[in-house]
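Trainee: Following this line is input_8.txt, made up of compact mmCIF, C-alpha atoms:
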```
# COMPACT_ATOMS: atom_id res chain seq x y z
CA MET A 1 37.32 57.94 -22.64
CA LYS A 2 35.41 54.96 -21.29
CA LEU A 3 33.23 54.69 -18.23
CA GLU A 4 31.88 51.43 -16.83
CA ALA A 5 29.56 51.31 -13.84
CA LYS A 6 28.76 48.54 -11.36
CA GLU A 7 27.15 48.41 -7.96
CA LEU A 8 28.51 46.57 -4.92
CA ASN A 9 26.59 46.48 -1.63
CA GLY A 10 24.65 49.56 -2.71
CA VAL A 11 27.79 51.55 -3.61
CA LYS A 12 28.36 52.65 -7.17
CA ILE A 13 31.81 51.87 -8.55
CA ILE A 14 32.85 53.61 -11.73
CA ARG A 15 35.80 52.41 -13.77
CA LEU A 16 37.36 55.12 -15.89
CA ALA A 17 39.70 54.40 -18.78
CA GLY A 18 41.55 56.45 -21.35
CA GLN A 19 43.65 59.58 -21.58
CA VAL A 20 42.59 63.04 -20.43
CA ARG A 21 44.16 65.54 -22.79
CA ILE A 22 43.02 68.54 -24.77
CA SER A 23 41.21 66.42 -27.41
CA THR A 24 39.31 64.34 -24.83
CA GLN A 25 38.77 66.77 -21.95
CA ASN A 26 35.30 67.92 -23.03
CA GLU A 27 34.14 64.31 -23.32
CA PHE A 28 35.65 63.58 -19.88
CA LYS A 29 33.89 66.59 -18.36
CA ASP A 30 30.53 65.57 -19.89
CA LEU A 31 30.94 62.01 -18.56
CA LEU A 32 31.65 63.24 -15.03
CA ASP A 33 28.88 65.87 -15.13
CA SER A 34 26.38 63.12 -16.00
CA LEU A 35 27.80 60.98 -13.21
CA VAL A 36 27.19 63.77 -10.68
CA LYS A 37 23.62 64.29 -11.89
CA GLU A 38 22.82 60.57 -11.76
CA ASN A 39 24.26 60.13 -8.26
CA GLU A 40 23.01 63.08 -6.27
CA GLY A 41 23.64 62.56 -2.56
CA LYS A 42 25.39 59.22 -3.10
CA THR A 43 28.93 57.95 -2.58
CA VAL A 44 30.78 56.98 -5.74
CA ILE A 45 34.08 55.13 -5.93
CA MET A 46 36.08 55.92 -9.05
CA ASN A 47 38.46 53.17 -10.05
CA MET A 48 41.14 54.94 -12.09
CA ASP A 49 43.25 51.95 -13.13
CA GLY A 50 42.49 52.54 -16.81
CA VAL A 51 43.43 56.23 -16.82
CA ILE A 52 46.90 56.21 -18.30
CA TYR A 53 47.35 59.95 -18.82
CA MET A 54 45.94 63.14 -17.33
CA ASN A 55 47.02 66.77 -17.61
CA SER A 56 46.22 69.77 -15.41
CA ALA A 57 42.93 70.33 -17.26
CA GLY A 58 41.95 66.78 -16.28
CA LEU A 59 42.84 67.54 -12.66
CA GLY A 60 40.65 70.65 -12.89
CA ILE A 61 37.73 68.50 -14.05
CA MET A 62 38.33 66.05 -11.17
CA ILE A 63 38.29 68.95 -8.68
CA ASP A 64 35.14 70.35 -10.23
CA THR A 65 33.46 66.94 -9.97
CA TYR A 66 34.63 66.52 -6.35
CA LYS A 67 33.11 69.93 -5.48
CA LYS A 68 29.82 69.14 -7.26
CA PHE A 69 29.46 65.84 -5.38
CA LYS A 70 30.08 67.70 -2.12
CA GLU A 71 27.56 70.44 -2.96
CA MET A 72 24.96 67.75 -3.63
CA ARG A 73 25.78 66.05 -0.32
CA GLY A 74 27.44 63.15 -2.06
CA ARG A 75 30.98 61.84 -1.88
CA MET A 76 33.56 60.96 -4.50
CA VAL A 77 36.53 58.77 -3.65
CA LEU A 78 39.27 57.50 -5.93
CA CYS A 79 41.20 54.25 -6.04
CA ASN A 80 43.69 52.29 -8.14
CA LEU A 81 45.59 55.28 -9.49
CA LEU A 82 48.56 54.34 -11.64
CA PRO A 83 51.87 55.50 -10.04
CA ASP A 84 52.44 58.40 -12.48
CA ILE A 85 48.87 59.66 -12.02
CA MET A 86 49.23 59.32 -8.23
CA LYS A 87 52.40 61.39 -8.40
CA LEU A 88 50.44 64.07 -10.26
CA PHE A 89 47.90 64.21 -7.42
CA GLU A 90 50.71 64.34 -4.84
CA VAL A 91 52.73 67.04 -6.58
CA THR A 92 49.65 69.26 -6.86
CA LYS A 93 48.69 68.32 -3.26
CA LEU A 94 45.19 67.31 -4.37
CA ASN A 95 45.60 64.05 -2.44
CA ARG A 96 45.18 66.18 0.71
CA PHE A 97 41.60 66.99 -0.29
CA ILE A 98 40.38 64.13 -2.42
CA GLU A 99 40.23 60.70 -0.73
CA ILE A 100 42.44 58.23 -2.58
CA TYR A 101 42.67 54.53 -1.74
CA LYS A 102 44.86 51.70 -2.98
CA ASN A 103 42.07 49.58 -4.39
CA GLU A 104 38.30 49.04 -4.44
CA SER A 105 38.33 46.88 -1.28
CA GLU A 106 40.14 49.53 0.73
CA ALA A 107 37.81 52.24 -0.61
CA MET A 108 34.75 50.09 0.28
CA SER A 109 36.04 49.58 3.82
CA LYS A 110 36.58 53.31 4.38
CA ILE A 111 33.26 54.69 3.18
CA MET B 1 60.67 73.44 -35.83
CA GLU B 2 57.91 75.99 -36.26
CA PHE B 3 54.28 74.95 -35.73
CA GLN B 4 50.98 76.74 -35.87
CA ILE B 5 49.26 75.68 -32.71
CA PHE B 6 45.49 75.31 -32.31
CA LYS B 7 43.28 73.32 -29.98
CA ASP B 8 42.79 70.73 -32.74
CA ASN B 9 46.47 69.97 -33.31
CA LEU B 10 48.00 70.48 -29.86
CA ASP B 11 47.91 66.76 -29.00
CA ALA B 12 49.55 65.90 -32.34
CA ILE B 13 52.39 68.40 -31.68
CA VAL B 14 52.91 66.91 -28.20
CA ASP B 15 52.87 63.33 -29.61
CA TYR B 16 55.37 64.27 -32.33
CA SER B 17 57.73 65.85 -29.78
CA CYS B 18 57.41 62.79 -27.51
CA GLY B 19 58.31 60.51 -30.42
CA ILE B 20 61.56 62.42 -30.95
CA ALA B 21 62.26 62.48 -27.19
CA GLU B 22 61.79 58.71 -27.01
CA GLU B 23 64.30 58.23 -29.83
CA ASN B 24 66.71 60.29 -27.72
CA GLY B 25 66.44 58.12 -24.62
CA ILE B 26 63.44 59.58 -22.78
CA ARG B 27 61.50 56.48 -21.77
CA GLY B 28 59.13 55.03 -19.17
CA ASP B 29 58.19 57.44 -16.37
CA LYS B 30 60.42 60.10 -17.90
CA LEU B 31 58.39 59.98 -21.10
CA PHE B 32 55.19 60.47 -19.08
CA TYR B 33 56.80 63.50 -17.37
CA TYR B 34 58.09 64.83 -20.69
CA ARG B 35 54.61 64.50 -22.23
CA LEU B 36 53.09 66.34 -19.28
CA ALA B 37 55.63 69.17 -19.50
CA MET B 38 55.13 69.57 -23.26
CA ASP B 39 51.34 69.38 -22.86
CA GLU B 40 51.27 72.06 -20.14
CA ILE B 41 53.71 74.43 -21.89
CA CYS B 42 51.91 74.19 -25.25
CA THR B 43 48.52 74.59 -23.52
CA ASN B 44 49.81 77.70 -21.75
CA SER B 45 50.96 79.15 -25.07
CA LEU B 46 47.61 78.46 -26.69
CA LYS B 47 45.48 79.56 -23.73
CA HIS B 48 47.42 82.50 -22.32
CA ALA B 49 49.84 83.72 -25.00
CA TYR B 50 47.36 83.44 -27.87
CA LYS B 51 44.13 83.59 -25.82
CA ASN B 52 42.93 80.32 -27.44
CA GLY B 53 43.11 81.93 -30.89
CA GLY B 54 46.08 79.96 -32.22
CA GLY B 55 49.53 81.19 -33.15
CA ASN B 56 53.08 80.12 -33.91
CA ILE B 57 55.35 78.20 -31.59
CA HIS B 58 58.95 77.26 -32.22
CA ILE B 59 60.23 74.00 -30.71
CA THR B 60 63.86 72.94 -30.61
CA SER B 61 65.30 69.90 -28.88
CA ASN B 62 68.79 68.59 -28.41
CA ALA B 63 70.64 66.02 -26.33
CA ASP B 64 73.46 67.45 -24.25
CA GLY B 65 75.33 64.93 -22.12
CA ASN B 66 72.94 63.51 -19.54
CA TYR B 67 70.08 65.81 -20.50
CA TYR B 68 67.53 66.09 -23.26
CA ILE B 69 66.76 69.79 -23.58
CA THR B 70 63.62 71.20 -25.17
CA GLU B 71 62.84 74.84 -25.78
CA ILE B 72 59.35 76.09 -26.67
CA ARG B 73 58.98 79.65 -27.79
CA ASP B 74 55.76 81.52 -28.49
CA TYR B 75 55.29 85.00 -29.85
CA GLY B 76 52.23 85.86 -27.77
CA CYS B 77 51.46 88.46 -25.15
CA GLY B 78 54.11 87.38 -22.59
CA PHE B 79 53.85 88.22 -18.91
CA LEU B 80 55.66 89.87 -16.02
CA PHE B 81 56.77 87.43 -13.34
CA SER B 82 55.76 89.88 -10.59
CA GLU B 83 52.17 90.05 -11.93
CA LYS B 84 51.98 86.29 -12.25
CA ALA B 85 53.23 85.79 -8.69
CA ASP B 86 50.69 88.36 -7.41
CA ARG B 87 47.84 86.55 -9.18
CA GLU B 88 48.92 83.21 -7.74
CA GLU B 89 49.22 84.69 -4.25
CA GLU B 90 45.80 86.36 -4.44
CA SER B 91 44.14 83.07 -5.20
CA GLY B 92 43.97 81.45 -1.78
CA ASP B 93 41.70 78.70 -3.13
CA LYS B 94 43.69 75.46 -2.83
CA LEU B 95 40.98 73.65 -4.75
CA LYS B 96 40.78 76.01 -7.70
CA ASN B 97 40.13 74.33 -11.03
CA SER B 98 43.10 75.77 -12.93
CA GLY B 99 46.55 77.35 -12.63
CA ARG B 100 48.64 74.22 -12.01
CA GLY B 101 50.34 73.91 -15.41
CA LEU B 102 53.62 75.62 -14.59
CA LEU B 103 53.81 73.97 -11.18
CA ILE B 104 53.55 70.59 -12.91
CA VAL B 105 56.31 71.48 -15.39
CA LYS B 106 58.60 72.60 -12.54
CA GLU B 107 57.92 69.43 -10.53
CA PHE B 108 58.27 66.92 -13.36
CA ALA B 109 61.16 68.36 -15.37
CA ASP B 110 64.68 68.16 -13.96
CA LYS B 111 65.32 71.85 -14.61
CA VAL B 112 63.20 74.68 -16.08
CA GLU B 113 64.13 78.14 -17.34
CA ILE B 114 61.44 80.66 -18.27
CA ASN B 115 61.95 83.93 -20.04
CA SER B 116 58.96 86.12 -20.82
CA ILE B 117 58.76 89.62 -22.26
CA PRO B 118 55.37 91.37 -22.29
CA GLY B 119 54.29 91.95 -25.87
CA LYS B 120 57.09 89.78 -27.29
CA GLY B 121 56.42 86.25 -26.07
CA THR B 122 57.60 83.53 -23.76
CA THR B 123 60.36 80.94 -23.97
CA VAL B 124 60.33 77.89 -21.74
CA LYS B 125 63.37 75.63 -21.72
CA PHE B 126 63.25 72.38 -19.79
CA TYR B 127 65.75 69.62 -19.15
CA MET B 128 65.04 65.92 -18.71
CA LYS B 129 67.66 63.44 -17.59
CA VAL B 130 68.22 60.78 -20.20
CA ALA B 131 67.84 57.18 -19.04
CA ASN B 132 71.17 55.49 -18.48
CA ASN B 133 71.10 52.20 -20.32
CA GLY B 134 74.54 51.14 -19.19
```
Mind converting the file's structure to structure tokens?
Mentor:
Amino acid sequence: MKLEAKELNGVKIIRLAGQVRISTQNEFKDLLDSLVKENEGKTVIMNMDGVIYMNSAGLGIMIDTYKKFKEMRGRMVLCNLLPDIMKLFEVTKLNRFIEIYKNESEAMSKI
Amino acid sequence: MEFQIFKDNLDAIVDYSCGIAEENGIRGDKLFYYRLAMDEICTNSLKHAYKNGGGNIHITSNADGNYYITEIRDYGCGFLFSEKADREEESGDKLKNSGRGLLIVKEFADKVEINSIPGKGTTVKFYMKVANNG
């Protein structure tokens, strides 16, 4: 898993890349846990265009991260999901809870 | 084919099965869905049937007309459908961190059949439509 961070107009944008599966899920969880700790009370946009595979354990980690951001009065929004990953969020109805935007510009305009 | 499944080799078993599926016409989005289904079924066997301790699974696949059919059998604890449904109903938390594996299999496969006997094990058979190249 790879995580790249940049800041645009005071908003942190994280680009995630890789596959979330049983062999990488602990690494993914550790990456997102650190992200939550480093961004307490802030809004973070996660650009998911490099995430080519995710299973239900990965979704569980995303939900956990979303809840942690909320508990710490922050906000996590997603953008640039590949079509198959977007379908996964739709099928599990997680798109009803987690904000998902088409791209970084749309996410920036909505936060 | 019989495999001993552990956390360390689950991805390799899924990759191997996907390779065979691809040779049999499962490609593109369908391959993504197939991988997800295999991943979730094998994870369920490891996590629930064998309580993360590892155990044997038997995988068979065959192409039948328009479908590629895969059957995964474990010899773990099995479950009663009524108990499983009760557990799912009790959990009103729509943002719970787990429990979506079977839902994903049902949504992404074209057809799913599950047979589970407590104390004997679980068999999951799923069908994927083969891409029509014509």
Trainee: Could you give me, as an MDAnalysis selection string, the residues that have an atom at most 12 Å away from the point (55.3, 59.1, -20.5) in the coordinates of the file, using all atoms listed in the file?
Mentor: (chainID A and resid 19 52:55 83:85) or (chainID B and resid 14:15 17:19 21:22 25:39 108)
Trainee: Got a sec to pull out which chain B residues are within 6 Å of chain A, counting only C-alpha atoms, and send them as a list in words?
Mentor: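 Per the criterion, chain B yields Asn97, Ser98 and Gly101 of chain B.
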Trainee: My list of candidates is B:Ile69, B:Ala63, B:Ala131, B:Ala49. Which is closest to Ile117 in chain B when distances are computed with only C-alpha atoms?
Mentor: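 Of B:Ile69, B:Ala63, B:Ala131, B:Ala49, the one nearest Ile117 in chain B is B:Ala49, counting only C-alpha atoms.
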Trainee: Report, in Å with one decimal, the straight-line distance from CA of Val11 in chain A to CA of Lys94 in chain B.
Mentor: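 Interatomic distance here is 28.7 Å.
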Trainee: Check the smallest atom-to-atom distance from each of B:Ile104, B:Ile20, B:Val112, B:Cys42 to Glu90 in chain A using all atoms listed in the file, then report the winner.
Mentor: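 Looking at the shortest contact to Glu90 in chain A, the residue is B:Ile104.
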Trainee: Quick one: residues within 12 Å of range 73-76 of chain B, only C-alpha atoms, excluding same-chain residues fewer than 4 positions away - as a VMD selection string?
Mentor: chain B and resid 1 to 5 38 41 to 61 113 to 126
Trainee: In Å, with one decimal, what is the gap from CA of Ser109 in chain A to CA of Val20 in chain A?
Mentor: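 CA of Val20 in chain A lies 28.5 Å from CA of Ser109 in chain A.
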Trainee: Excluding same-chain residues fewer than 6 positions from Met72 in chain A, what lies within 10 Å of it counting all atoms listed in the file, as a ChimeraX atom specification?
Mentor: /A:36-37,39-42
Trainee: Please measure the separation of CA of Asn24 in chain B and CA of Thr70 in chain B, giving the value in Å to one decimal.
Mentor: 11.6 Å
